[in-house]
Amino acid sequence: MSEAPTLDYERRFRSSGARLVAGVDEVGRGALAGPVSVGIAVVDLQQQTLLADVRDSKLLKVADRERLVPVVRSWSVASAVGHATAKEIDDVGIVAALRLAGTRAWLAILAAGVTPDVVLLDGSHNWLSPQSQPSLFDDGPAEPGCDAPVHTLVKADMQCLSVAAASILAKVERDGIMRGLHTEHPAFGWDVNKGYGTAIHKDALRAAGPTPYHRVSWQLLSD
């Protein structure tokens with residue numbers, strides 16, 4: 001098994017006065033069908049202990065991921081998963097849909113009475129912060145969403161425990177959604193491929209065409 005992620009990176013934020021760090025990760029960005037999902041796990045840098053079994057969700061067996069969900073939720077100060085549907089991805093594009101899913105998770109964190117000081121986001125691009133920032137000349141309300149500072153880190157899910165924890169929550173919840181959708185459209189094999197472009201999935205697309213859960217704005221059958 002890979003080296004366990006730690007809170008070493010998260011603890012760097014203490015020098016700027018941060019206490020609550022929100023680890024954020026997405027699942028389903030490259031799938032052909034189903035939602036894109038964003039997980040958030042908030043850690044308290046003054047109190048947090050490590051979790052020995054938590055890894056990036058892609059490195060864990062299904063049973064281990066599912067076993068770890070309640071562990072992660074009890075370990076986190078607050079946690080949430082937000083989703084954006086295939087139709088929303090078609091309507092606004094994948095980056096805006098990621099922001100939409102992330103904002104839904106973020107608002108759930110705030111609704112739980114927790115306001116993170118800083119966000120640690122897996123990857124190299126900040127897709128979470130609202131696209132439009134309020135100015136002194138704006139009359140309307142600011143766009144709702146994450147107003148905390150966002151720091152990106154490539155492969156944060158491999159080395160940062162808060163992000164690895166968030167990845168587990170998002171992966172398990174999205175996988176459950178895809179298993180449910182599989183019962184409606186079993187030919188596509190979503191219980192196994194979770195909406196990604198496997199040969200079975202693409203063969204079913206050629207035979208039956210897209211379902212309401214496919215991202216029809218994408219080149220679904222391109223190699």
# chains A, B, ... in the order shown; residues from 1 in each chain; ligands from 1
>>> closest_atom_pairs(of="stretch 14-115 of chain A", to="stretch 198-215 of chain A", cutoff="6 Å", atoms="only C-alpha atoms", output="tab-separated table")
residue	atom	partner	partner_atom	distance
A:Leu32	CA	A:Arg215	CA	5.8
A:Ala33	CA	A:His214	CA	4.1
A:Gly34	CA	A:Tyr213	CA	5.4
A:Ala86	CA	A:Arg215	CA	5.1
A:Asp90	CA	A:Arg215	CA	5.9
>>> write_last_selection(atoms="N, CA and C atoms", output="mmCIF file, in the first residue's frame")
data_model
loop_
_atom_site.group_PDB
_atom_site.id
_atom_site.type_symbol
_atom_site.label_atom_id
_atom_site.label_comp_id
_atom_site.auth_asym_id
_atom_site.auth_seq_id
_atom_site.Cartn_x
_atom_site.Cartn_y
_atom_site.Cartn_z
ATOM 1 N N LEU A 32 -18.434 9.572 -18.729
ATOM 2 C CA LEU A 32 -19.354 9.887 -19.814
ATOM 3 C C LEU A 32 -20.787 10.054 -19.323
ATOM 4 N N ALA A 33 -21.065 9.497 -18.167
ATOM 5 C CA ALA A 33 -22.421 9.525 -17.630
ATOM 6 C C ALA A 33 -22.381 9.739 -16.130
ATOM 7 N N GLY A 34 -23.502 10.229 -15.608
ATOM 8 C CA GLY A 34 -23.612 10.438 -14.175
ATOM 9 C C GLY A 34 -23.110 11.801 -13.748
ATOM 10 N N ALA A 86 -25.558 15.336 -14.967
ATOM 11 C CA ALA A 86 -25.104 15.325 -16.358
ATOM 12 C C ALA A 86 -25.736 16.464 -17.148
ATOM 13 N N ASP A 90 -23.876 19.473 -19.123
ATOM 14 C CA ASP A 90 -24.169 19.864 -20.507
ATOM 15 C C ASP A 90 -24.528 21.342 -20.608
#
>>> select_by_dssp(residues="stretch 35-116 of chain A", states="helix (DSSP H, G or I)", output="PyMOL selection string")
chain A and resi 57-59+62-75+86-92+94-111
>>> select_by_dssp(residues="chain A", states="strand (DSSP E or B)", output="PyMOL selection string")
chain A and resi 6+20-27+33+36-44+78-84+118-122+150-153+160+214
>>> closest_atom_pairs(of="stretch 82-175 of chain A", to="stretch 66-73 of chain A", cutoff="10 Å", atoms="only C-alpha atoms", output="JSON lines")
{"residue": "A:Ser162", "atom": "CA", "partner": "A:Val72", "partner_atom": "CA", "distance": 9.3}
{"residue": "A:Ala164", "atom": "CA", "partner": "A:Val72", "partner_atom": "CA", "distance": 9.8}
{"residue": "A:Ala165", "atom": "CA", "partner": "A:Val72", "partner_atom": "CA", "distance": 6.1}
{"residue": "A:Ala166", "atom": "CA", "partner": "A:Val72", "partner_atom": "CA", "distance": 8.3}
{"residue": "A:Ile168", "atom": "CA", "partner": "A:Val69", "partner_atom": "CA", "distance": 6.8}
{"residue": "A:Leu169", "atom": "CA", "partner": "A:Val69", "partner_atom": "CA", "distance": 6.0}
{"residue": "A:Ala170", "atom": "CA", "partner": "A:Val69", "partner_atom": "CA", "distance": 9.6}
{"residue": "A:Lys171", "atom": "CA", "partner": "A:Glu66", "partner_atom": "CA", "distance": 9.4}
{"residue": "A:Val172", "atom": "CA", "partner": "A:Glu66", "partner_atom": "CA", "distance": 6.4}
{"residue": "A:Glu173", "atom": "CA", "partner": "A:Glu66", "partner_atom": "CA", "distance": 9.3}
>>> closest_residue(among="A:Asp64, A:Asp157, A:Asp25, A:Asp53", to="A:Ser79", atoms="only C-alpha atoms")
A:Asp25
>>> closest_residue(among="A:Leu153, A:Ala63, A:Val42, A:Leu128", to="A:Ala112", atoms="only C-alpha atoms")
A:Val42
>>> atom_distance(atom1="atom CA of A:Pro35", atom2="atom CA of A:Ile94")
10.2 Å
>>> closest_residue(among="A:Arg104, A:Arg99, A:Arg11, A:His151", to="A:Trp127", atoms="only C-alpha atoms")
A:Arg99
>>> atom_distance(atom1="atom CA of A:Gly195", atom2="atom CA of A:Val36")
10.4 Å
>>> atom_distance(atom1="atom CA of A:Thr103", atom2="atom CA of A:Gly176")
20.8 Å
>>> residues_around(residues="stretch 113-126 of chain A", least_positions_apart="5", cutoff="6 Å", atoms="only C-alpha atoms", output="PyMOL selection string")
chain A and resi 18+20-25+148-154+156
>>> write_last_selection(atoms="N, CA, C and O atoms", output="PDB file, in the first residue's frame")
ATOM      1  N   ALA A  18      -4.543  30.064  10.394  1.00  0.00           N
ATOM      2  CA  ALA A  18      -5.651  29.166  10.071  1.00  0.00           C
ATOM      3  C   ALA A  18      -5.750  28.032  11.082  1.00  0.00           C
ATOM      4  O   ALA A  18      -4.737  27.511  11.556  1.00  0.00           O
ATOM      5  N   LEU A  20      -9.063  25.842  10.835  1.00  0.00           N
ATOM      6  CA  LEU A  20      -9.921  24.880  10.143  1.00  0.00           C
ATOM      7  C   LEU A  20      -9.554  24.841   8.660  1.00  0.00           C
ATOM      8  O   LEU A  20      -9.677  25.845   7.956  1.00  0.00           O
ATOM      9  N   VAL A  21      -9.090  23.683   8.203  1.00  0.00           N
ATOM     10  CA  VAL A  21      -8.712  23.497   6.804  1.00  0.00           C
ATOM     11  C   VAL A  21      -9.706  22.539   6.149  1.00  0.00           C
ATOM     12  O   VAL A  21      -9.954  21.449   6.665  1.00  0.00           O
ATOM     13  N   ALA A  22     -10.242  22.959   5.014  1.00  0.00           N
ATOM     14  CA  ALA A  22     -11.174  22.120   4.252  1.00  0.00           C
ATOM     15  C   ALA A  22     -10.425  21.446   3.118  1.00  0.00           C
ATOM     16  O   ALA A  22      -9.961  22.116   2.184  1.00  0.00           O
ATOM     17  N   GLY A  23     -10.271  20.133   3.180  1.00  0.00           N
ATOM     18  CA  GLY A  23      -9.729  19.367   2.065  1.00  0.00           C
ATOM     19  C   GLY A  23     -10.828  19.097   1.057  1.00  0.00           C
ATOM     20  O   GLY A  23     -11.936  18.704   1.444  1.00  0.00           O
ATOM     21  N   VAL A  24     -10.539  19.311  -0.241  1.00  0.00           N
ATOM     22  CA  VAL A  24     -11.562  19.188  -1.285  1.00  0.00           C
ATOM     23  C   VAL A  24     -11.036  18.326  -2.427  1.00  0.00           C
ATOM     24  O   VAL A  24      -9.908  18.518  -2.896  1.00  0.00           O
ATOM     25  N   ASP A  25     -11.884  17.408  -2.901  1.00  0.00           N
ATOM     26  CA  ASP A  25     -11.517  16.590  -4.053  1.00  0.00           C
ATOM     27  C   ASP A  25     -12.766  16.274  -4.850  1.00  0.00           C
ATOM     28  O   ASP A  25     -13.881  16.226  -4.310  1.00  0.00           O
ATOM     29  N   ALA A 148     -13.449  31.481   1.179  1.00  0.00           N
ATOM     30  CA  ALA A 148     -12.181  31.286   1.876  1.00  0.00           C
ATOM     31  C   ALA A 148     -11.044  31.207   0.856  1.00  0.00           C
ATOM     32  O   ALA A 148     -11.272  30.876  -0.309  1.00  0.00           O
ATOM     33  N   PRO A 149      -9.818  31.512   1.268  1.00  0.00           N
ATOM     34  CA  PRO A 149      -8.684  31.362   0.354  1.00  0.00           C
ATOM     35  C   PRO A 149      -8.537  29.906  -0.088  1.00  0.00           C
ATOM     36  O   PRO A 149      -8.620  28.989   0.735  1.00  0.00           O
ATOM     37  N   VAL A 150      -8.318  29.703  -1.382  1.00  0.00           N
ATOM     38  CA  VAL A 150      -8.181  28.360  -1.946  1.00  0.00           C
ATOM     39  C   VAL A 150      -6.742  28.155  -2.411  1.00  0.00           C
ATOM     40  O   VAL A 150      -6.200  28.953  -3.179  1.00  0.00           O
ATOM     41  N   HIS A 151      -6.135  27.093  -1.944  1.00  0.00           N
ATOM     42  CA  HIS A 151      -4.788  26.716  -2.360  1.00  0.00           C
ATOM     43  C   HIS A 151      -4.874  25.399  -3.114  1.00  0.00           C
ATOM     44  O   HIS A 151      -5.478  24.437  -2.618  1.00  0.00           O
ATOM     45  N   THR A 152      -4.295  25.329  -4.292  1.00  0.00           N
ATOM     46  CA  THR A 152      -4.300  24.098  -5.082  1.00  0.00           C
ATOM     47  C   THR A 152      -2.980  23.364  -4.912  1.00  0.00           C
ATOM     48  O   THR A 152      -1.937  23.980  -4.687  1.00  0.00           O
ATOM     49  N   LEU A 153      -3.052  22.052  -5.031  1.00  0.00           N
ATOM     50  CA  LEU A 153      -1.852  21.218  -4.933  1.00  0.00           C
ATOM     51  C   LEU A 153      -2.054  19.974  -5.783  1.00  0.00           C
ATOM     52  O   LEU A 153      -2.998  19.198  -5.556  1.00  0.00           O
ATOM     53  N   VAL A 154      -1.185  19.773  -6.765  1.00  0.00           N
ATOM     54  CA  VAL A 154      -1.256  18.580  -7.599  1.00  0.00           C
ATOM     55  C   VAL A 154      -0.972  17.344  -6.743  1.00  0.00           C
ATOM     56  O   VAL A 154      -0.025  17.334  -5.946  1.00  0.00           O
ATOM     57  N   ALA A 156      -2.655  16.278  -4.287  1.00  0.00           N
ATOM     58  CA  ALA A 156      -2.944  16.480  -2.866  1.00  0.00           C
ATOM     59  C   ALA A 156      -3.643  15.268  -2.260  1.00  0.00           C
ATOM     60  O   ALA A 156      -3.464  14.976  -1.080  1.00  0.00           O
TER      61      ALA A 156
END
>>> closest_residue(among="A:Arg174, A:Arg19, A:Arg14, A:Arg179", to="A:Ala84", atoms="only C-alpha atoms")
A:Arg174
>>> residues_around(residues="A:Lys194", least_positions_apart="2", cutoff="8 Å", atoms="only C-alpha atoms", output="PDB file with N, CA, C and O atoms, in the first residue's frame")
ATOM      1  N   ALA A  31     -15.956  11.058 -16.531  1.00  0.00           N
ATOM      2  CA  ALA A  31     -16.947  10.046 -16.890  1.00  0.00           C
ATOM      3  C   ALA A  31     -17.810  10.522 -18.050  1.00  0.00           C
ATOM      4  O   ALA A  31     -17.915  11.724 -18.332  1.00  0.00           O
ATOM      5  N   ALA A  33     -21.065   9.497 -18.167  1.00  0.00           N
ATOM      6  CA  ALA A  33     -22.421   9.525 -17.630  1.00  0.00           C
ATOM      7  C   ALA A  33     -22.381   9.739 -16.130  1.00  0.00           C
ATOM      8  O   ALA A  33     -21.386   9.458 -15.466  1.00  0.00           O
ATOM      9  N   GLY A  34     -23.502  10.229 -15.608  1.00  0.00           N
ATOM     10  CA  GLY A  34     -23.612  10.438 -14.175  1.00  0.00           C
ATOM     11  C   GLY A  34     -23.110  11.801 -13.748  1.00  0.00           C
ATOM     12  O   GLY A  34     -22.614  12.589 -14.561  1.00  0.00           O
ATOM     13  N   ASP A 175     -20.347   6.544  -6.379  1.00  0.00           N
ATOM     14  CA  ASP A 175     -20.488   5.138  -6.777  1.00  0.00           C
ATOM     15  C   ASP A 175     -21.878   4.612  -6.437  1.00  0.00           C
ATOM     16  O   ASP A 175     -22.473   3.846  -7.201  1.00  0.00           O
ATOM     17  N   MET A 178     -24.287   5.807  -9.012  1.00  0.00           N
ATOM     18  CA  MET A 178     -24.162   5.081 -10.279  1.00  0.00           C
ATOM     19  C   MET A 178     -24.726   3.668 -10.180  1.00  0.00           C
ATOM     20  O   MET A 178     -25.294   3.162 -11.157  1.00  0.00           O
ATOM     21  N   ARG A 179     -24.589   3.044  -9.041  1.00  0.00           N
ATOM     22  CA  ARG A 179     -25.219   1.718  -8.873  1.00  0.00           C
ATOM     23  C   ARG A 179     -26.735   1.828  -8.938  1.00  0.00           C
ATOM     24  O   ARG A 179     -27.408   0.951  -9.486  1.00  0.00           O
ATOM     25  N   GLY A 189     -23.554  -1.076 -17.776  1.00  0.00           N
ATOM     26  CA  GLY A 189     -22.562  -1.572 -16.821  1.00  0.00           C
ATOM     27  C   GLY A 189     -22.083  -0.551 -15.802  1.00  0.00           C
ATOM     28  O   GLY A 189     -20.939  -0.606 -15.340  1.00  0.00           O
ATOM     29  N   TRP A 190     -22.961   0.375 -15.424  1.00  0.00           N
ATOM     30  CA  TRP A 190     -22.548   1.432 -14.501  1.00  0.00           C
ATOM     31  C   TRP A 190     -22.241   0.928 -13.098  1.00  0.00           C
ATOM     32  O   TRP A 190     -21.567   1.615 -12.332  1.00  0.00           O
ATOM     33  N   ASP A 191     -22.739  -0.255 -12.770  1.00  0.00           N
ATOM     34  CA  ASP A 191     -22.403  -0.816 -11.451  1.00  0.00           C
ATOM     35  C   ASP A 191     -20.922  -1.142 -11.354  1.00  0.00           C
ATOM     36  O   ASP A 191     -20.346  -1.171 -10.266  1.00  0.00           O
ATOM     37  N   VAL A 192     -20.292  -1.350 -12.520  1.00  0.00           N
ATOM     38  CA  VAL A 192     -18.864  -1.664 -12.559  1.00  0.00           C
ATOM     39  C   VAL A 192     -18.042  -0.462 -13.026  1.00  0.00           C
ATOM     40  O   VAL A 192     -17.071  -0.066 -12.377  1.00  0.00           O
ATOM     41  N   TYR A 196     -17.762   5.612 -16.592  1.00  0.00           N
ATOM     42  CA  TYR A 196     -16.574   5.888 -17.404  1.00  0.00           C
ATOM     43  C   TYR A 196     -16.639   5.107 -18.723  1.00  0.00           C
ATOM     44  O   TYR A 196     -17.404   4.156 -18.869  1.00  0.00           O
TER      45      TYR A 196
END
>>> closest_residue(among="A:Gln48, A:Val92, A:Val163, A:Ser15", to="A:Val27", atoms="only C-alpha atoms")
A:Val163
>>> residues_around(residues="A:Ala101", least_positions_apart="6", cutoff="8 Å", atoms="only C-alpha atoms", output="PyMOL selection string")
chain A and resi 36-38+81-84
